[in-house]
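Structure file my_file_0.cif; described as mmCIF, C-alpha atoms and all ligand atoms.
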data_coords
#
loop_
_atom_site.label_atom_id
_atom_site.label_comp_id
_atom_site.auth_asym_id
_atom_site.auth_seq_id
_atom_site.Cartn_x
_atom_site.Cartn_y
_atom_site.Cartn_z
CA MET A 1 15.81 21.06 -3.81
CA ASN A 2 14.02 18.50 -5.98
CA LYS A 3 10.78 17.18 -4.62
CA LYS A 4 10.69 13.60 -3.32
CA ILE A 5 8.50 11.37 -5.48
CA ALA A 6 6.02 8.81 -4.13
CA LEU A 7 3.93 6.17 -5.92
CA ILE A 8 0.80 4.81 -4.19
CA THR A 9 -1.26 1.84 -5.40
CA GLY A 10 -5.04 1.74 -4.88
CA ALA A 11 -5.06 5.48 -4.28
CA ASN A 12 -8.44 6.35 -5.84
CA LYS A 13 -10.16 6.11 -2.44
CA GLY A 14 -9.77 5.26 1.23
CA ILE A 15 -6.40 5.27 2.98
CA GLY A 16 -4.50 5.43 -0.32
CA LEU A 17 -6.23 8.63 -1.48
CA GLU A 18 -5.74 10.26 1.93
CA THR A 19 -2.06 9.25 1.94
CA ALA A 20 -1.68 10.88 -1.49
CA LYS A 21 -3.34 14.05 -0.18
CA GLN A 22 -1.16 14.28 2.93
CA LEU A 23 2.08 13.66 1.00
CA LEU A 24 1.11 16.31 -1.59
CA GLU A 25 0.46 18.74 1.27
CA LEU A 26 3.98 17.94 2.50
CA ASN A 27 5.28 18.98 -0.92
CA TYR A 28 5.89 15.48 -2.29
CA ASP A 29 5.38 14.79 -5.98
CA VAL A 30 2.81 11.97 -5.91
CA TYR A 31 1.76 9.36 -8.45
CA LEU A 32 -1.78 8.44 -7.53
CA SER A 33 -2.42 5.07 -9.12
CA SER A 34 -5.66 3.22 -9.62
CA ARG A 35 -6.69 0.08 -11.49
CA ASP A 36 -9.69 1.90 -12.97
CA ILE A 37 -8.75 4.98 -15.00
CA ALA A 38 -12.12 6.73 -14.54
CA LYS A 39 -12.05 6.28 -10.74
CA GLY A 40 -8.43 7.43 -10.70
CA MET A 41 -9.23 10.57 -12.68
CA GLU A 42 -12.12 11.35 -10.30
CA ALA A 43 -9.69 11.15 -7.39
CA VAL A 44 -7.18 13.37 -9.22
CA ASP A 45 -10.01 15.84 -9.80
CA LYS A 46 -10.93 15.88 -6.08
CA LEU A 47 -7.34 16.72 -5.14
CA GLN A 48 -7.07 19.36 -7.87
CA GLN A 49 -10.20 21.03 -6.51
CA ILE A 50 -8.35 21.66 -3.24
CA GLY A 51 -5.29 23.02 -5.01
CA LEU A 52 -3.13 19.87 -5.13
CA SER A 53 -1.47 18.47 -8.27
CA PRO A 54 -1.04 14.69 -8.27
CA ARG A 55 0.27 12.76 -11.26
CA PHE A 56 -1.73 9.74 -12.42
CA VAL A 57 -0.72 6.28 -13.57
CA GLN A 58 -2.95 3.22 -14.14
CA ILE A 59 -1.90 0.11 -12.20
CA ASP A 60 -3.82 -3.08 -11.59
CA VAL A 61 -1.52 -4.84 -9.14
CA THR A 62 -2.76 -8.26 -10.34
CA ASN A 63 -1.73 -7.47 -13.91
CA HIS A 64 2.02 -7.74 -14.50
CA GLU A 65 1.77 -5.96 -17.86
CA SER A 66 0.11 -2.91 -16.29
CA ILE A 67 2.87 -2.79 -13.64
CA LYS A 68 5.59 -2.95 -16.32
CA GLN A 69 3.91 -0.22 -18.39
CA ALA A 70 3.56 2.02 -15.31
CA LYS A 71 7.24 1.56 -14.50
CA GLN A 72 8.21 2.48 -18.06
CA HIS A 73 5.95 5.54 -17.98
CA ILE A 74 7.28 6.76 -14.62
CA GLU A 75 10.90 6.12 -15.57
CA GLN A 76 10.46 8.14 -18.78
CA GLU A 77 8.63 10.95 -17.00
CA VAL A 78 10.69 11.43 -13.82
CA GLY A 79 13.50 8.85 -13.81
CA LYS A 80 13.46 7.58 -10.25
CA ILE A 81 11.11 7.59 -7.28
CA ASP A 82 11.75 7.75 -3.52
CA VAL A 83 8.74 6.03 -1.97
CA LEU A 84 6.59 3.09 -3.07
CA ILE A 85 3.44 2.49 -1.03
CA ASN A 86 1.84 -0.91 -1.66
CA ASN A 87 -1.56 0.19 -0.41
CA ALA A 88 -4.01 -1.62 -2.75
CA GLY A 89 -5.74 -4.52 -1.06
CA ILE A 90 -8.92 -6.60 -0.96
CA MET A 91 -10.87 -8.47 1.72
CA LEU A 92 -13.32 -11.02 0.35
CA ASP A 93 -13.86 -13.46 3.23
CA LYS A 94 -17.39 -14.50 4.12
CA THR A 95 -16.55 -17.78 5.89
CA GLY A 96 -14.18 -19.25 8.49
CA VAL A 97 -11.08 -21.18 7.49
CA LEU A 98 -12.75 -24.63 7.49
CA ASP A 99 -15.05 -23.72 4.63
CA MET A 100 -12.87 -21.06 2.96
CA PRO A 101 -13.21 -21.52 -0.83
CA ILE A 102 -9.77 -21.96 -2.40
CA ASP A 103 -10.62 -19.44 -5.12
CA VAL A 104 -11.21 -16.77 -2.43
CA LEU A 105 -7.73 -17.45 -1.04
CA ASP A 106 -6.28 -17.49 -4.56
CA THR A 107 -7.86 -14.16 -5.58
CA THR A 108 -6.87 -12.56 -2.26
CA LEU A 109 -3.25 -13.69 -2.55
CA LYS A 110 -3.06 -12.36 -6.12
CA ALA A 111 -3.97 -8.83 -4.98
CA ASN A 112 -2.49 -8.69 -1.47
CA LEU A 113 0.72 -10.69 -1.93
CA TYR A 114 1.69 -11.27 -5.57
CA GLY A 115 0.73 -7.65 -6.39
CA PRO A 116 3.18 -6.11 -3.86
CA LEU A 117 5.82 -8.68 -4.86
CA MET A 118 5.55 -7.77 -8.57
CA MET A 119 5.52 -4.05 -7.68
CA ILE A 120 8.74 -4.40 -5.67
CA GLN A 121 10.44 -6.57 -8.29
CA GLU A 122 9.66 -4.07 -11.06
CA PHE A 123 10.19 -0.83 -9.18
CA TYR A 124 13.20 -1.38 -6.89
CA PRO A 125 15.69 -0.58 -9.69
CA ILE A 126 14.16 2.89 -10.01
CA ILE A 127 13.96 3.64 -6.27
CA ASN A 128 16.63 6.08 -5.10
CA PRO A 129 19.05 5.19 -2.27
CA ASN A 130 17.45 6.13 1.06
CA GLY A 131 14.16 5.16 -0.57
CA LYS A 132 11.27 3.47 1.23
CA ILE A 133 8.79 0.74 0.45
CA ILE A 134 5.69 0.63 2.66
CA ASN A 135 3.51 -2.46 2.63
CA LEU A 136 -0.03 -1.96 3.96
CA SER A 137 -0.43 -5.03 6.09
CA SER A 138 -2.94 -5.37 8.94
CA ILE A 139 -3.09 -6.43 12.57
CA LEU A 140 -5.12 -9.36 11.15
CA GLY A 141 -1.85 -10.66 9.67
CA GLN A 142 -0.20 -10.79 13.09
CA LEU A 143 0.44 -14.45 14.05
CA LYS A 144 0.53 -13.70 17.77
CA SER A 145 -3.09 -12.52 17.89
CA MET A 146 -4.52 -14.57 14.99
CA LYS A 147 -7.89 -16.29 15.36
CA ASN A 148 -10.36 -17.83 12.92
CA TYR A 149 -11.46 -14.53 11.37
CA SER A 150 -11.17 -13.40 7.73
CA PRO A 151 -8.84 -16.30 6.96
CA ALA A 152 -7.85 -15.52 3.36
CA TYR A 153 -7.23 -11.86 4.16
CA SER A 154 -5.31 -12.68 7.37
CA ILE A 155 -3.16 -15.31 5.64
CA SER A 156 -2.42 -12.88 2.80
CA LYS A 157 -1.26 -10.20 5.25
CA THR A 158 0.92 -12.66 7.21
CA ALA A 159 2.51 -13.61 3.88
CA LEU A 160 2.90 -9.91 3.06
CA ASN A 161 4.74 -9.49 6.39
CA ALA A 162 7.08 -12.29 5.29
CA LEU A 163 7.57 -10.43 2.01
CA THR A 164 8.52 -7.34 4.00
CA ARG A 165 11.21 -9.36 5.85
CA GLN A 166 12.54 -10.98 2.66
CA THR A 167 12.68 -7.78 0.63
CA ALA A 168 14.08 -5.72 3.53
CA ALA A 169 17.01 -8.15 3.71
CA ALA A 170 17.46 -8.22 -0.07
CA LEU A 171 17.29 -4.42 -0.47
CA TYR A 172 19.49 -3.52 2.50
CA LYS A 173 22.56 -3.23 0.26
CA HIS A 174 20.63 -0.87 -2.03
CA ASN A 175 19.89 1.34 0.96
CA ILE A 176 16.14 0.90 0.50
CA ALA A 177 14.04 0.30 3.62
CA VAL A 178 10.93 -1.90 3.62
CA TYR A 179 8.24 -1.69 6.31
CA SER A 180 4.94 -3.39 7.15
CA VAL A 181 2.17 -1.14 8.44
CA HIS A 182 -1.06 -1.69 10.34
CA PRO A 183 -2.98 1.54 9.65
CA GLY A 184 -5.55 1.00 12.43
CA TRP A 185 -9.21 0.08 11.99
CA VAL A 186 -10.22 2.80 9.57
CA ARG A 187 -13.62 4.00 8.26
CA THR A 188 -13.28 3.16 4.55
CA ASP A 189 -15.19 0.87 2.20
CA MET A 190 -13.03 -1.97 3.57
CA GLY A 191 -13.03 -0.97 7.24
CA GLY A 192 -16.76 -0.17 7.35
CA LYS A 193 -18.66 2.60 9.11
CA ASP A 194 -18.16 1.20 12.64
CA ALA A 195 -14.36 1.44 12.47
CA ASP A 196 -12.81 3.64 15.13
CA MET A 197 -10.49 5.86 13.03
CA ASP A 198 -11.07 8.37 10.25
CA VAL A 199 -8.91 8.24 7.10
CA GLN A 200 -6.81 11.23 8.20
CA ASP A 201 -5.62 9.17 11.17
CA GLY A 202 -5.51 5.98 9.07
CA ALA A 203 -2.87 7.50 6.77
CA TYR A 204 -0.67 8.50 9.71
CA THR A 205 1.67 5.47 9.82
CA SER A 206 2.28 5.40 6.05
CA VAL A 207 2.97 9.14 5.93
CA TRP A 208 5.24 9.00 8.98
CA LEU A 209 7.37 6.18 7.49
CA ALA A 210 7.39 7.74 4.01
CA THR A 211 8.74 11.00 5.40
CA GLU A 212 10.75 9.93 8.46
CA GLY A 213 11.41 6.17 8.22
CA THR A 214 15.06 5.12 8.66
CA MET A 215 17.25 2.19 7.59
CA GLU A 216 17.41 1.14 11.26
CA GLN A 217 13.67 0.51 11.09
CA THR A 218 13.80 -1.64 7.94
CA GLY A 219 12.13 -5.05 8.10
CA LYS A 220 9.83 -3.98 10.95
CA TYR A 221 6.07 -3.84 11.47
CA PHE A 222 4.49 -0.61 12.76
CA TYR A 223 1.22 0.80 14.04
CA ARG A 224 1.73 4.55 14.40
CA LYS A 225 5.17 4.91 15.98
CA ASN A 226 4.93 1.58 17.84
CA GLU A 227 6.79 -1.48 16.60
CA LEU A 228 4.49 -4.54 16.53
CA THR A 229 5.54 -8.13 17.14
CA TRP A 230 4.92 -10.48 14.25
N1 LIG B 301 -9.57 0.05 6.56
C1 LIG B 301 -9.01 -0.66 7.51
O1 LIG B 301 -9.51 -0.73 8.66
C2 LIG B 301 -7.71 -1.40 7.26
C3 LIG B 301 -7.13 -2.08 8.35
C4 LIG B 301 -5.94 -2.75 8.16
C5 LIG B 301 -5.32 -2.73 6.91
N2 LIG B 301 -5.90 -2.08 5.87
C6 LIG B 301 -5.20 -2.11 4.57
O2 LIG B 301 -5.02 -0.79 4.08
C7 LIG B 301 -5.05 -0.77 2.65
C8 LIG B 301 -6.05 0.26 2.17
O3 LIG B 301 -7.33 -0.13 2.67
P1 LIG B 301 -8.64 0.78 2.62
O4 LIG B 301 -9.33 0.59 3.90
O5 LIG B 301 -8.32 2.14 2.11
O6 LIG B 301 -9.48 -0.04 1.51
P2 LIG B 301 -10.51 0.45 0.38
O7 LIG B 301 -11.18 1.71 0.75
O8 LIG B 301 -11.32 -0.77 0.07
O9 LIG B 301 -9.52 0.76 -0.85
C9 LIG B 301 -8.78 -0.28 -1.43
C10 LIG B 301 -8.08 0.26 -2.66
O10 LIG B 301 -7.34 -0.82 -3.27
C11 LIG B 301 -7.69 -0.84 -4.64
N3 LIG B 301 -7.47 -2.15 -5.26
C12 LIG B 301 -8.05 -3.34 -4.97
N4 LIG B 301 -7.59 -4.29 -5.82
C13 LIG B 301 -6.70 -3.68 -6.65
C14 LIG B 301 -5.91 -4.10 -7.73
N5 LIG B 301 -5.92 -5.37 -8.18
N6 LIG B 301 -5.08 -3.21 -8.33
C15 LIG B 301 -5.04 -1.92 -7.91
N7 LIG B 301 -5.80 -1.44 -6.92
C16 LIG B 301 -6.62 -2.32 -6.30
C17 LIG B 301 -9.14 -0.40 -4.69
O11 LIG B 301 -9.51 -0.03 -6.00
P3 LIG B 301 -11.06 -0.07 -6.49
O12 LIG B 301 -11.70 1.21 -6.00
O13 LIG B 301 -10.94 -0.13 -7.98
O14 LIG B 301 -11.70 -1.28 -5.89
C18 LIG B 301 -9.07 0.77 -3.73
O15 LIG B 301 -8.50 1.89 -4.36
C19 LIG B 301 -5.38 -2.21 2.22
O16 LIG B 301 -4.20 -2.90 1.86
C20 LIG B 301 -6.00 -2.82 3.47
O17 LIG B 301 -5.84 -4.22 3.52
C21 LIG B 301 -7.08 -1.41 6.02
#

What does the file become when written as structure tokens?
Amino acid sequence: MNKKIALITGANKGIGLETAKQLLELNYDVYLSSRDIAKGMEAVDKLQQIGLSPRFVQIDVTNHESIKQAKQHIEQEVGKIDVLINNAGIMLDKTGVLDMPIDVLDTTLKANLYGPLMMIQEFYPIINPNGKIINLSSILGQLKSMKNYSPAYSISKTALNALTRQTAAALYKHNIAVYSVHPGWVRTDMGGKDADMDVQDGAYTSVWLATEGTMEQTGKYFYRKNELTW
């Protein structure tokens, strides 16, 4: 049987790199993507050293042209993909909401919201039926528990959750599921050294939905196998 093909953004480090590793170990064909080619090639090298063979494609999710070129490249190379993981993200906040600089919100939305939106708009035509789109959200985007903490990041992830709902509804007829994921508080450059999970655990929810997610679960928000309220 042909291998399933996954594309992961921001996969040169952190949860994205670990997700690539775990999917390769499960015999997926994986496009590791990175905005920086040198950092991406270093990550490819690390995986090759442990006997894995990722493909590489450059994507800066804030650059529409790079997204279009990656789509063209992937379509020419393999035709269609099965899983898109919108993993790339940034957290820039240093203030509360009352003194949040508008340019911090603007830059954050470009990476964490417009990036996944452009990725979905470009790639859905080359996602196979029964395909999956996984948006790396955060518990900080949950309205129910939201406080005045990391406002630009939190607002961007709430908006990303709305994008999950919108695109899940729009892609239902294409038989493509869309999920939001909270990976946990994970020890990465973003999560910091005090976080309570290692990356192996942090990749769990994305890998579970990539491999076992169903259409019944589309438009939902998960932490591990638990459905979260918005
Ligand atoms: N760690 C946590 O505790 C935690 C909790 C909840 C949610 N999340 C979410 O999980 C995802 C992965 O987080 P992480 O902890 O692995 O973060 P990380 O270690 O900081 O990695 C983030 C990745 O995103 C990439 N990236 C940033 N802007 C990009 C752009 N414009 N285009 C393409 N790639 C870009 C980074 O590339 P560079 O190396 O070039 O900067 C890096 O590869 C994020 O969406 C994050 O919001 C993380």

Practice prompt. Tell me which of A:Leu17, A:Leu143, A:Ala70, A:Val57 sits closest to ligand LIG 301 (chain B), counting only C-alpha atoms and all ligand atoms.
Written response: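 Between A:Leu17, A:Leu143, A:Ala70, A:Val57, the residue approaching ligand LIG 301 (chain B) most closely is A:Leu17.
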
Discussion item. For a quick check of understanding, using all atoms listed in the file, which of A:Met119, A:Met91, A:Val178, A:Ala169 has the smallest distance to ligand LIG 301 (chain B)?
Written reply: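 Among A:Met119, A:Met91, A:Val178, A:Ala169, it is A:Met91 that comes nearest to ligand LIG 301 (chain B).
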
Fill in: Exercise answer, 6 Å around ligand LIG 301 (chain B) with all atoms listed in the file, as a PyMOL selection string
chain A and resi 9-16+34-36+59-62+87-90+111+136-138+182-191

Discussion item. For Leu209 in chain A, find every residue with an atom within 10 Å (counting all atoms listed in the file), except residues of its own chain fewer than 3 positions away, and show them as a list in words.
Written reply: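 These residues fall inside the cut-off: Val83, Lys132, Ile133, Ile134, Ala177, Val178, Tyr179, Ser180, Val181, Tyr204, Thr205, Ser206, Glu212, Gly213, Thr214, Gln217, Phe222, Arg224 and Lys225 of chain A.
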
Next, dump the selected residues to file, keeping only C-alpha atoms, as an mmCIF file, keeping the file's coordinate frame.
data_model
loop_
_atom_site.group_PDB
_atom_site.id
_atom_site.type_symbol
_atom_site.label_atom_id
_atom_site.label_comp_id
_atom_site.auth_asym_id
_atom_site.auth_seq_id
_atom_site.Cartn_x
_atom_site.Cartn_y
_atom_site.Cartn_z
ATOM 1 C CA VAL A 83 8.740 6.030 -1.970
ATOM 2 C CA LYS A 132 11.270 3.470 1.230
ATOM 3 C CA ILE A 133 8.790 0.740 0.450
ATOM 4 C CA ILE A 134 5.690 0.630 2.660
ATOM 5 C CA ALA A 177 14.040 0.300 3.620
ATOM 6 C CA VAL A 178 10.930 -1.900 3.620
ATOM 7 C CA TYR A 179 8.240 -1.690 6.310
ATOM 8 C CA SER A 180 4.940 -3.390 7.150
ATOM 9 C CA VAL A 181 2.170 -1.140 8.440
ATOM 10 C CA TYR A 204 -0.670 8.500 9.710
ATOM 11 C CA THR A 205 1.670 5.470 9.820
ATOM 12 C CA SER A 206 2.280 5.400 6.050
ATOM 13 C CA GLU A 212 10.750 9.930 8.460
ATOM 14 C CA GLY A 213 11.410 6.170 8.220
ATOM 15 C CA THR A 214 15.060 5.120 8.660
ATOM 16 C CA GLN A 217 13.670 0.510 11.090
ATOM 17 C CA PHE A 222 4.490 -0.610 12.760
ATOM 18 C CA ARG A 224 1.730 4.550 14.400
ATOM 19 C CA LYS A 225 5.170 4.910 15.980
#

Worksheet item: Hey, can you check how far CA of Ile74 in chain A sits from CA of Leu52 in chain A?
Response: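 It comes out at 19.2 Å.
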
Worksheet item: Distance CA of Pro129 in chain A-CA of Leu228 in chain A, one decimal place?
Response: 25.7 Å

Worksheet item: Skipping near chain neighbours, those fewer than 5 positions away, what residues fall within 9 Å of Lys4 in chain A using all atoms listed in the file, listed as a list in words?
Response: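 Skipping anything fewer than 5 positions along the chain leaves Asn27, Tyr28, Asp29, Val30, Ile81, Asp82 and Val83 of chain A.
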
Fill in: Pick from A:Glu42, A:Glu65, A:Glu216, A:Glu75, whichever lies nearest to Ala168 in chain A using all atoms listed in the file
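Answer, going by the shortest atom-to-atom distance: A:Glu216.
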
Discussion item. Under the rule that all atoms listed in the file are counted, which of A:Asp103, A:Glu25, A:Glu18, A:Glu122 is the nearest residue to Ser53 in chain A?
Written reply: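 Among the listed residues, A:Glu25 lies closest to Ser53 in chain A.
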
Worksheet entry | Length of the CA of Leu24 in chain A to CA of Lys173 in chain A vector [Å] |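 Result for CA of Leu24 in chain A versus CA of Lys173 in chain A: 29.1 Å, one decimal.
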
Worksheet item: For Val199 in chain A, which residue among A:Leu92, A:Ala20, A:Ala159, A:Leu7 is the nearest when counting only C-alpha atoms?
Response: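 Once distances to Val199 in chain A are computed over only C-alpha atoms, the minimum belongs to A:Ala20.
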
Practice prompt. Anything within 12 Å of (-7.4, -12.0, -4.1): list those residues as a count of residues only, counting only C-alpha atoms and sticking to the file's coordinates.
Written response: 30

Practice prompt. List every protein, DNA or RNA residue that has at least one atom no more than 12 Å from (11.9, -6.8, -6.7) in the file's coordinates, counting all atoms listed in the file, and write the result as a PyMOL selection string.
Written response: chain A and resi 84+114-127+133+163-164+166-171+174+176+178

Worksheet entry | Closest of A:Met100, A:Leu140, A:Gln48, A:Ser33 to Lys71 in chain A - atom-to-atom distances counting only C-alpha atoms |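 Closest to Lys71 in chain A of all the choices is A:Ser33.
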
Output range 77-101 of chain A with N, CA and C atoms present, as a CSV table (one decimal), in the frame of the given file.
chain,number,residue,atom,x,y,z
A,77,GLU,N,9.1,9.6,-17.4
A,77,GLU,CA,8.6,11.0,-17.0
A,77,GLU,C,9.5,11.6,-15.9
A,78,VAL,N,9.9,10.8,-14.9
A,78,VAL,CA,10.7,11.4,-13.8
A,78,VAL,C,12.0,10.7,-13.5
A,79,GLY,N,12.3,9.6,-14.1
A,79,GLY,CA,13.5,8.8,-13.8
A,79,GLY,C,13.3,7.9,-12.6
A,80,LYS,N,13.5,8.5,-11.4
A,80,LYS,CA,13.5,7.6,-10.2
A,80,LYS,C,12.4,8.1,-9.2
A,81,ILE,N,12.0,7.2,-8.3
A,81,ILE,CA,11.1,7.6,-7.3
A,81,ILE,C,11.8,7.4,-5.9
A,82,ASP,N,11.2,7.9,-4.9
A,82,ASP,CA,11.8,7.8,-3.5
A,82,ASP,C,10.9,6.8,-2.6
A,83,VAL,N,9.6,6.8,-2.9
A,83,VAL,CA,8.7,6.0,-2.0
A,83,VAL,C,7.8,5.2,-2.8
A,84,LEU,N,7.6,3.9,-2.5
A,84,LEU,CA,6.6,3.1,-3.1
A,84,LEU,C,5.7,2.6,-1.9
A,85,ILE,N,4.4,2.9,-2.1
A,85,ILE,CA,3.4,2.5,-1.0
A,85,ILE,C,2.5,1.4,-1.6
A,86,ASN,N,2.7,0.2,-1.2
A,86,ASN,CA,1.8,-0.9,-1.7
A,86,ASN,C,0.6,-0.9,-0.8
A,87,ASN,N,-0.4,-0.1,-1.2
A,87,ASN,CA,-1.6,0.2,-0.4
A,87,ASN,C,-2.8,-0.6,-0.9
A,88,ALA,N,-2.8,-0.9,-2.2
A,88,ALA,CA,-4.0,-1.6,-2.8
A,88,ALA,C,-4.2,-2.9,-2.0
A,89,GLY,N,-5.5,-3.3,-1.7
A,89,GLY,CA,-5.7,-4.5,-1.1
A,89,GLY,C,-7.2,-4.9,-1.1
A,90,ILE,N,-7.5,-6.1,-1.0
A,90,ILE,CA,-8.9,-6.6,-1.0
A,90,ILE,C,-9.2,-7.5,0.2
A,91,MET,N,-10.4,-7.6,0.7
A,91,MET,CA,-10.9,-8.5,1.7
A,91,MET,C,-12.2,-9.1,1.3
A,92,LEU,N,-12.1,-10.4,1.0
A,92,LEU,CA,-13.3,-11.0,0.4
A,92,LEU,C,-14.0,-12.0,1.3
A,93,ASP,N,-13.4,-12.4,2.4
A,93,ASP,CA,-13.9,-13.5,3.2
A,93,ASP,C,-15.3,-13.3,3.7
A,94,LYS,N,-16.0,-14.4,3.6
A,94,LYS,CA,-17.4,-14.5,4.1
A,94,LYS,C,-17.5,-15.7,5.0
A,95,THR,N,-16.5,-16.5,5.1
A,95,THR,CA,-16.6,-17.8,5.9
A,95,THR,C,-15.4,-17.9,6.8
A,96,GLY,N,-15.4,-18.9,7.7
A,96,GLY,CA,-14.2,-19.2,8.5
A,96,GLY,C,-13.2,-20.1,7.7
A,97,VAL,N,-12.1,-20.5,8.3
A,97,VAL,CA,-11.1,-21.2,7.5
A,97,VAL,C,-11.5,-22.6,7.0
A,98,LEU,N,-12.4,-23.2,7.8
A,98,LEU,CA,-12.8,-24.6,7.5
A,98,LEU,C,-13.6,-24.7,6.2
A,99,ASP,N,-14.3,-23.7,5.9
A,99,ASP,CA,-15.0,-23.7,4.6
A,99,ASP,C,-14.6,-22.6,3.7
A,100,MET,N,-13.4,-22.1,3.8
A,100,MET,CA,-12.9,-21.1,3.0
A,100,MET,C,-12.7,-21.6,1.5
A,101,PRO,N,-13.4,-21.0,0.5
A,101,PRO,CA,-13.2,-21.5,-0.8
A,101,PRO,C,-11.8,-21.2,-1.3
